[in-house]
Amino acid sequence: MLRTPKVLIIDDEPLMRISISDALKVEGFSVRETGLGKDGITLFRDFSFDVVITDLRLPDLDGIEVLKACKRYSPDTMVILITAHGSVDTAVEAMKYGAYDYITKPFSMDELLLMVKRVIRYKDLEEENLLLKEQVEGRYNFSGIIGKSERMQEIFDKVKIVSQTDSTVLILGESGTGKELVANAVHYNSVRKKEPFVKISCAALPETLLEAELFGYEKGAFTGAVKQKKGRFELAHKGTFFLDEIGEISPAIQVKLLRVLQEKKIDRLGGTETLSVDVRIICATQRDLKKEVQKGTFREDLYYRFNVVPITLPPLRERQGDIMLLANHFLKFFAEQHKKQLKGISIEAMELLLKYPFPGNVRELENTIERAVVMGKSDEVQPWDLPEEITNAAECFKVIQHNIQSYENLSKAMKEFERQYIAKVLEETKGNKSLAAKLLGVSRKTLWEKCKVFDIVKDGVNN
């Protein structure tokens with residue numbers, strides 16, 4: 001705290017009041033004092049205080065009334081109560097009304113000073129956290145999502161609108177398209193921005209663990225449940241809960257999620273008490289949930305509950321005009337992070353980036369630029385700083401270029417390029433999907449799904 005902390009003392013015993021005041025002034029605090037509760041409330045209303053120290057028993061007012069008045073005028077002010085042994089129960093009751101702590105007579109001045117310093121340190125941490133939150137809010141105020149293409153501008157407009165509502169949002173898009181960034185932007189531009197933002201990847205945990213993480217559990221609910229644990233829904237109370245890879249959840253968990261969306265209620269595993277939660281839901285998936293509904297793997301009623309405001313993120317191959325913008329953005333970011341002096345990306349290297357379909361989307365481009373920044377030896381990113389899959393893709397692009405005229409549009413041409421490129425990588429890796437996925441910059445699951453879409457068998461040869 002850069003400014004001098006201010007303390008108000010309210011105590012009808014002059015000796016006690018002066019002793020506390022002198023001790024605080026020696027420690028550098030600014031102090032005001034009075035012997036009456038009403039005068040204390042007037043001082044509090046006219047001046048700003050960080051801490052109020054008040055006796056529980058005052059000639060004109062109960063200390064609880066002083067506490068309530070302080071909290072009414074300034075909820076952030078910390079109140080410490082001084083109490084006699086016989087009034088401890090009342091002091092404990094006062095904690096329910098927002099008192100920070102209480103100290104029992106007789107007490108040492110060092111004990112009280114330690115308590116006041118702890119209060120100030122707590123307020124300092126609160127201010128630091130608020131500053132960090134404001135910085136995060138600035139980062140995600142749409143500057144965290146980069147794009148000048150028409151489709152991205154439409155998405156920015158949609159995010160701005162939906163941020164001002166409490167509607168459930170379903171973010172759709174391939175792996176690496178920036179679904180989590182959009183979720184961040186929605187939360188940090190909403191009225192819930194100062195409340196918790198809780199995330200979970202539904203694909204990262206098996207069903208039993210996912211259920212426990214989502215809803216929490218009571219002690220003894222299952223083997224290993226040695227103590228009660230709050231679930232993510234409880235932790236997100238009053239804030240936003242982002243469920244990534246929502247298409248991976250089991251039918252049993254789908255039923256429970258439907259109840260949360262309908263009733264805003266949850267039950268901990270092994271618990272008997274139903275808990276109410278106030279949570280804004282944002283979910284994301286790379287699956288086509290309509291097809292999952294048709295196949296019977298995803299509940300239709302849950303789909304419509306999630307699909308209130310859908311936001312579909314285009315793959316990078318469909319927003320080619322953003323590649324240069326993104327590449328330069330990542331170059332600047334990683335050059336600063338790794339303390340490198342770089343002028344930019346050479347024309348030859350940029351041409352290679354523009355021809356590559358980026359099956360791993362923005363995430364793959366980000367990783368590509370970071371690697372080039374870290375490993376590059378010149379003041380510009382050169383073609384030889386790029387991964388082999390990108391330089392090889394340029395040759396692959398030439399092979400299919402003569403066929404482009406037969407495609408209806410650029411999107412189909414890029415999809416054909418992506419199909420042939422994936423087939424080529426699989427052929428070179430002798431059908432090793434793990435290695436191929438690594439080279440392509442995508443997950444093994446994403447590669448498997450693309451092979452299914454493009455009708456590619458494991459050795460890269462089309463059926």
# chains A, B, ... in the order shown; residues from 1 in each chain; ligands from 1
>>> residues_around(residues="segment 110-127 of chain A", least_positions_apart="4", cutoff="9 Å", atoms="only C-alpha atoms", output="PDB file with C-alpha atoms, in the first residue's frame")
ATOM      1  CA  MET A   1       0.000   0.000   0.000  1.00  0.00           C
ATOM      2  CA  PRO A   5      -2.957   3.230   6.058  1.00  0.00           C
ATOM      3  CA  VAL A   7      -7.180   3.540  11.254  1.00  0.00           C
ATOM      4  CA  ILE A  20      -3.584   1.966  20.840  1.00  0.00           C
ATOM      5  CA  ALA A  23       1.356   2.354  19.196  1.00  0.00           C
ATOM      6  CA  LEU A  24      -0.165   2.639  15.706  1.00  0.00           C
ATOM      7  CA  GLU A  27       4.291   2.099  13.226  1.00  0.00           C
ATOM      8  CA  ASP A  50      -8.760   1.035   5.989  1.00  0.00           C
ATOM      9  CA  VAL A  51      -9.306  -0.413   9.478  1.00  0.00           C
ATOM     10  CA  ILE A  53     -10.956  -0.906  15.834  1.00  0.00           C
ATOM     11  CA  ASP A  76     -14.278  -3.177   2.013  1.00  0.00           C
ATOM     12  CA  MET A  78     -11.948  -4.177   7.865  1.00  0.00           C
ATOM     13  CA  ILE A  80     -11.640  -5.471  14.465  1.00  0.00           C
ATOM     14  CA  TYR A 100     -12.523  -9.251  10.182  1.00  0.00           C
ATOM     15  CA  ASP A 101     -11.511 -10.521  13.638  1.00  0.00           C
ATOM     16  CA  ILE A 103      -9.300  -9.541  20.216  1.00  0.00           C
ATOM     17  CA  LEU A 131      -4.784  -5.023 -10.654  1.00  0.00           C
ATOM     18  CA  LEU A 132      -3.916  -8.428 -12.108  1.00  0.00           C
TER      19      LEU A 132
END
>>> residues_around(residues="segment 81-85 of chain A", least_positions_apart="5", cutoff="10 Å", atoms="only C-alpha atoms", output="list in words")
Ile10, Asp11, Val52, Ile53, Thr54, Asp55, Leu56, Arg57, Gly63, Ile64, Leu67, Thr90, Ala91, Val92, Ala94, Met95, Ala99, Tyr100, Asp101, Tyr102, Ile103, Thr104, Lys105, Pro106, Phe107 and Leu112 of chain A
>>> residues_around(residues="Thr297 of chain A", least_positions_apart="3", cutoff="9 Å", atoms="only C-alpha atoms", output="short mmCIF file (atom, residue, chain, number, x, y, z; two decimals) with N, CA and C atoms, in the first residue's frame")
data_model
loop_
_atom_site.label_atom_id
_atom_site.label_comp_id
_atom_site.auth_asym_id
_atom_site.auth_seq_id
_atom_site.Cartn_x
_atom_site.Cartn_y
_atom_site.Cartn_z
N GLY A 247 -18.46 -32.61 -26.10
CA GLY A 247 -18.95 -33.75 -26.88
C GLY A 247 -18.44 -35.09 -26.40
N SER A 250 -20.16 -38.69 -21.09
CA SER A 250 -20.96 -39.91 -21.15
C SER A 250 -22.45 -39.59 -20.99
N PRO A 251 -23.33 -40.51 -21.39
CA PRO A 251 -24.78 -40.30 -21.22
C PRO A 251 -25.18 -40.03 -19.77
N LYS A 291 -24.77 -34.27 -35.45
CA LYS A 291 -24.54 -35.65 -35.89
C LYS A 291 -24.51 -36.60 -34.70
N GLU A 292 -23.94 -36.14 -33.58
CA GLU A 292 -23.89 -36.97 -32.37
C GLU A 292 -25.30 -37.23 -31.86
N VAL A 293 -26.18 -36.22 -31.98
CA VAL A 293 -27.58 -36.40 -31.59
C VAL A 293 -28.25 -37.44 -32.48
N GLN A 294 -28.00 -37.35 -33.78
CA GLN A 294 -28.58 -38.29 -34.74
C GLN A 294 -28.09 -39.72 -34.48
#
>>> closest_residue(among="A:Phe156, A:Leu313, A:Lys377, A:Lys68", to="Lys96 of chain A", atoms="only C-alpha atoms")
A:Lys68
>>> closest_atom_pairs(of="segment 182-283 of chain A", to="segment 158-178 of chain A", cutoff="8 Å", atoms="only C-alpha atoms", output="CSV")
residue,atom,partner,partner_atom,distance
A:Val182,CA,A:Gly178,CA,6.5
A:Ala183,CA,A:Ile171,CA,7.9
A:Ala185,CA,A:Val159,CA,7.3
A:Val186,CA,A:Ser163,CA,4.8
A:His187,CA,A:Ser163,CA,6.7
A:Asn189,CA,A:Ser163,CA,5.7
A:Ser190,CA,A:Ser163,CA,4.8
A:Val191,CA,A:Gln164,CA,7.0
A:Arg280,CA,A:Asp166,CA,6.2
A:Ile281,CA,A:Thr168,CA,5.1
A:Ile282,CA,A:Val169,CA,4.7
A:Cys283,CA,A:Leu170,CA,5.1
>>> residues_around(residues="Leu316 of chain A", least_positions_apart="5", cutoff="8 Å", atoms="only C-alpha atoms", output="number ranges by chain")
A: 177, 322-323, 357-358, 361-362
>>> residues_around(residues="Ala349 of chain A", least_positions_apart="5", cutoff="8 Å", atoms="only C-alpha atoms", output="ChimeraX atom specification")
/A:381-383,386
>>> atom_distance(atom1="atom CA of Ile266 of chain A", atom2="atom CA of Tyr188 of chain A")
25.2 Å
>>> residues_around(residues="Arg319 of chain A", least_positions_apart="3", cutoff="9 Å", atoms="only C-alpha atoms", output="ChimeraX atom specification")
/A:147,149-152,314-316,322-323
>>> residues_around(residues="segment 253-263 of chain A", least_positions_apart="4", cutoff="12 Å", atoms="only C-alpha atoms", output="mmCIF file with C-alpha atoms, in the first residue's frame")
data_model
loop_
_atom_site.group_PDB
_atom_site.id
_atom_site.type_symbol
_atom_site.label_atom_id
_atom_site.label_comp_id
_atom_site.auth_asym_id
_atom_site.auth_seq_id
_atom_site.Cartn_x
_atom_site.Cartn_y
_atom_site.Cartn_z
ATOM 1 C CA SER A 167 -27.032 -16.838 -22.060
ATOM 2 C CA THR A 168 -25.368 -20.225 -22.445
ATOM 3 C CA CYS A 202 -14.167 -33.089 -20.357
ATOM 4 C CA PRO A 206 -12.365 -40.695 -17.217
ATOM 5 C CA GLU A 207 -16.084 -40.660 -16.418
ATOM 6 C CA THR A 208 -15.805 -41.345 -12.668
ATOM 7 C CA LEU A 209 -13.167 -38.670 -12.096
ATOM 8 C CA LEU A 210 -14.990 -36.181 -14.316
ATOM 9 C CA GLU A 211 -18.199 -36.612 -12.333
ATOM 10 C CA ALA A 212 -16.334 -36.053 -9.051
ATOM 11 C CA GLU A 213 -14.595 -32.957 -10.466
ATOM 12 C CA LEU A 214 -17.829 -31.468 -11.780
ATOM 13 C CA PHE A 215 -20.095 -32.054 -8.790
ATOM 14 C CA PHE A 233 -19.773 -25.975 -10.342
ATOM 15 C CA GLU A 234 -19.544 -24.842 -6.715
ATOM 16 C CA PHE A 241 -17.903 -22.301 -15.975
ATOM 17 C CA LEU A 243 -16.620 -26.916 -20.210
ATOM 18 C CA ILE A 246 -18.338 -31.198 -24.119
ATOM 19 C CA GLY A 247 -18.952 -33.748 -26.877
ATOM 20 C CA GLU A 248 -16.905 -36.327 -24.950
ATOM 21 C CA ILE A 249 -19.160 -36.654 -21.891
ATOM 22 C CA ASP A 267 -25.721 -32.926 -5.592
ATOM 23 C CA ARG A 268 -22.247 -33.848 -4.391
ATOM 24 C CA LEU A 269 -21.374 -37.523 -4.789
ATOM 25 C CA THR A 274 -29.078 -30.371 -2.870
ATOM 26 C CA LEU A 275 -27.042 -27.234 -3.561
ATOM 27 C CA SER A 276 -28.094 -24.249 -5.671
ATOM 28 C CA VAL A 277 -25.515 -22.774 -8.049
ATOM 29 C CA ASP A 278 -25.552 -19.512 -9.987
ATOM 30 C CA VAL A 279 -23.259 -20.207 -12.939
ATOM 31 C CA ARG A 280 -23.022 -18.972 -16.521
ATOM 32 C CA ILE A 281 -22.195 -21.917 -18.808
ATOM 33 C CA ILE A 282 -19.866 -21.720 -21.796
ATOM 34 C CA CYS A 283 -19.027 -24.974 -23.549
ATOM 35 C CA THR A 297 -24.520 -40.491 -28.458
ATOM 36 C CA PHE A 298 -25.583 -37.010 -27.334
ATOM 37 C CA ARG A 299 -28.925 -36.064 -25.779
ATOM 38 C CA GLU A 300 -31.095 -33.882 -27.991
ATOM 39 C CA ASP A 301 -32.562 -31.935 -25.051
ATOM 40 C CA LEU A 302 -29.075 -31.215 -23.700
ATOM 41 C CA TYR A 303 -27.905 -30.108 -27.144
ATOM 42 C CA TYR A 304 -30.663 -27.508 -27.334
ATOM 43 C CA ARG A 305 -29.870 -26.345 -23.791
ATOM 44 C CA PHE A 306 -26.231 -25.783 -24.792
ATOM 45 C CA ASN A 307 -26.974 -24.372 -28.238
ATOM 46 C CA VAL A 308 -28.571 -21.107 -27.079
#
>>> select_by_dssp(residues="segment 240-357 of chain A", states="strand (DSSP E)", output="PyMOL selection string")
chain A and resi 240-244+265-267+274-276+280-285+309-312+344-345
>>> write_last_selection(atoms="N, CA and C atoms", output="mmCIF file, in the first residue's frame")
data_model
loop_
_atom_site.group_PDB
_atom_site.id
_atom_site.type_symbol
_atom_site.label_atom_id
_atom_site.label_comp_id
_atom_site.auth_asym_id
_atom_site.auth_seq_id
_atom_site.Cartn_x
_atom_site.Cartn_y
_atom_site.Cartn_z
ATOM 1 N N THR A 240 -18.389 -17.912 -14.101
ATOM 2 C CA THR A 240 -18.568 -18.604 -15.376
ATOM 3 C C THR A 240 -17.855 -19.943 -15.339
ATOM 4 N N PHE A 241 -18.496 -20.966 -15.904
ATOM 5 C CA PHE A 241 -17.903 -22.301 -15.975
ATOM 6 C C PHE A 241 -17.741 -22.665 -17.446
ATOM 7 N N PHE A 242 -16.478 -22.893 -17.852
ATOM 8 C CA PHE A 242 -16.171 -23.254 -19.238
ATOM 9 C C PHE A 242 -15.897 -24.747 -19.321
ATOM 10 N N LEU A 243 -16.770 -25.473 -20.021
ATOM 11 C CA LEU A 243 -16.620 -26.916 -20.210
ATOM 12 C C LEU A 243 -16.116 -27.164 -21.628
ATOM 13 N N ASP A 244 -14.829 -27.496 -21.737
ATOM 14 C CA ASP A 244 -14.238 -27.764 -23.046
ATOM 15 C C ASP A 244 -14.454 -29.230 -23.413
ATOM 16 N N LYS A 265 -29.214 -26.660 -9.921
ATOM 17 C CA LYS A 265 -28.971 -27.392 -8.681
ATOM 18 C C LYS A 265 -28.021 -28.557 -8.937
ATOM 19 N N ILE A 266 -27.215 -28.892 -7.904
ATOM 20 C CA ILE A 266 -26.305 -30.034 -7.990
ATOM 21 C C ILE A 266 -26.352 -30.830 -6.695
ATOM 22 N N ASP A 267 -25.905 -32.084 -6.772
ATOM 23 C CA ASP A 267 -25.721 -32.926 -5.592
ATOM 24 C C ASP A 267 -24.288 -33.430 -5.606
ATOM 25 N N THR A 274 -29.066 -30.958 -1.527
ATOM 26 C CA THR A 274 -29.078 -30.371 -2.870
ATOM 27 C C THR A 274 -28.620 -28.921 -2.779
ATOM 28 N N LEU A 275 -27.638 -28.568 -3.606
ATOM 29 C CA LEU A 275 -27.042 -27.234 -3.561
ATOM 30 C C LEU A 275 -27.456 -26.421 -4.785
ATOM 31 N N SER A 276 -27.768 -25.155 -4.566
ATOM 32 C CA SER A 276 -28.094 -24.249 -5.671
ATOM 33 C C SER A 276 -26.820 -23.573 -6.167
ATOM 34 N N ARG A 280 -22.837 -19.171 -15.076
ATOM 35 C CA ARG A 280 -23.022 -18.972 -16.521
ATOM 36 C C ARG A 280 -22.208 -20.058 -17.234
ATOM 37 N N ILE A 281 -22.837 -20.793 -18.132
ATOM 38 C CA ILE A 281 -22.195 -21.917 -18.808
ATOM 39 C C ILE A 281 -21.709 -21.510 -20.201
ATOM 40 N N ILE A 282 -20.421 -21.807 -20.443
ATOM 41 C CA ILE A 282 -19.866 -21.720 -21.796
ATOM 42 C C ILE A 282 -19.267 -23.090 -22.089
ATOM 43 N N CYS A 283 -19.597 -23.672 -23.215
ATOM 44 C CA CYS A 283 -19.027 -24.974 -23.549
ATOM 45 C C CYS A 283 -18.469 -24.948 -24.966
ATOM 46 N N ALA A 284 -17.591 -25.897 -25.235
ATOM 47 C CA ALA A 284 -16.932 -25.937 -26.540
ATOM 48 C C ALA A 284 -16.742 -27.379 -26.982
ATOM 49 N N THR A 285 -16.700 -27.573 -28.277
ATOM 50 C CA THR A 285 -16.453 -28.906 -28.827
ATOM 51 C C THR A 285 -15.947 -28.784 -30.256
ATOM 52 N N VAL A 309 -26.643 -19.804 -27.784
ATOM 53 C CA VAL A 309 -25.912 -18.882 -28.666
ATOM 54 C C VAL A 309 -24.693 -19.622 -29.212
ATOM 55 N N PRO A 310 -24.780 -20.156 -30.428
ATOM 56 C CA PRO A 310 -23.624 -20.851 -31.006
ATOM 57 C C PRO A 310 -22.643 -19.857 -31.643
ATOM 58 N N ILE A 311 -21.351 -20.104 -31.431
ATOM 59 C CA ILE A 311 -20.298 -19.318 -32.086
ATOM 60 C C ILE A 311 -19.381 -20.309 -32.788
ATOM 61 N N THR A 312 -19.347 -20.265 -34.105
ATOM 62 C CA THR A 312 -18.538 -21.204 -34.884
ATOM 63 C C THR A 312 -17.255 -20.525 -35.346
ATOM 64 N N GLY A 344 11.586 -9.350 -38.644
ATOM 65 C CA GLY A 344 10.323 -9.835 -39.171
ATOM 66 C C GLY A 344 10.460 -11.198 -39.808
ATOM 67 N N ILE A 345 9.534 -11.513 -40.712
ATOM 68 C CA ILE A 345 9.514 -12.794 -41.427
ATOM 69 C C ILE A 345 9.837 -12.514 -42.891
#
>>> atom_distance(atom1="atom CA of Gly271 of chain A", atom2="atom CA of Lys229 of chain A")
11.1 Å
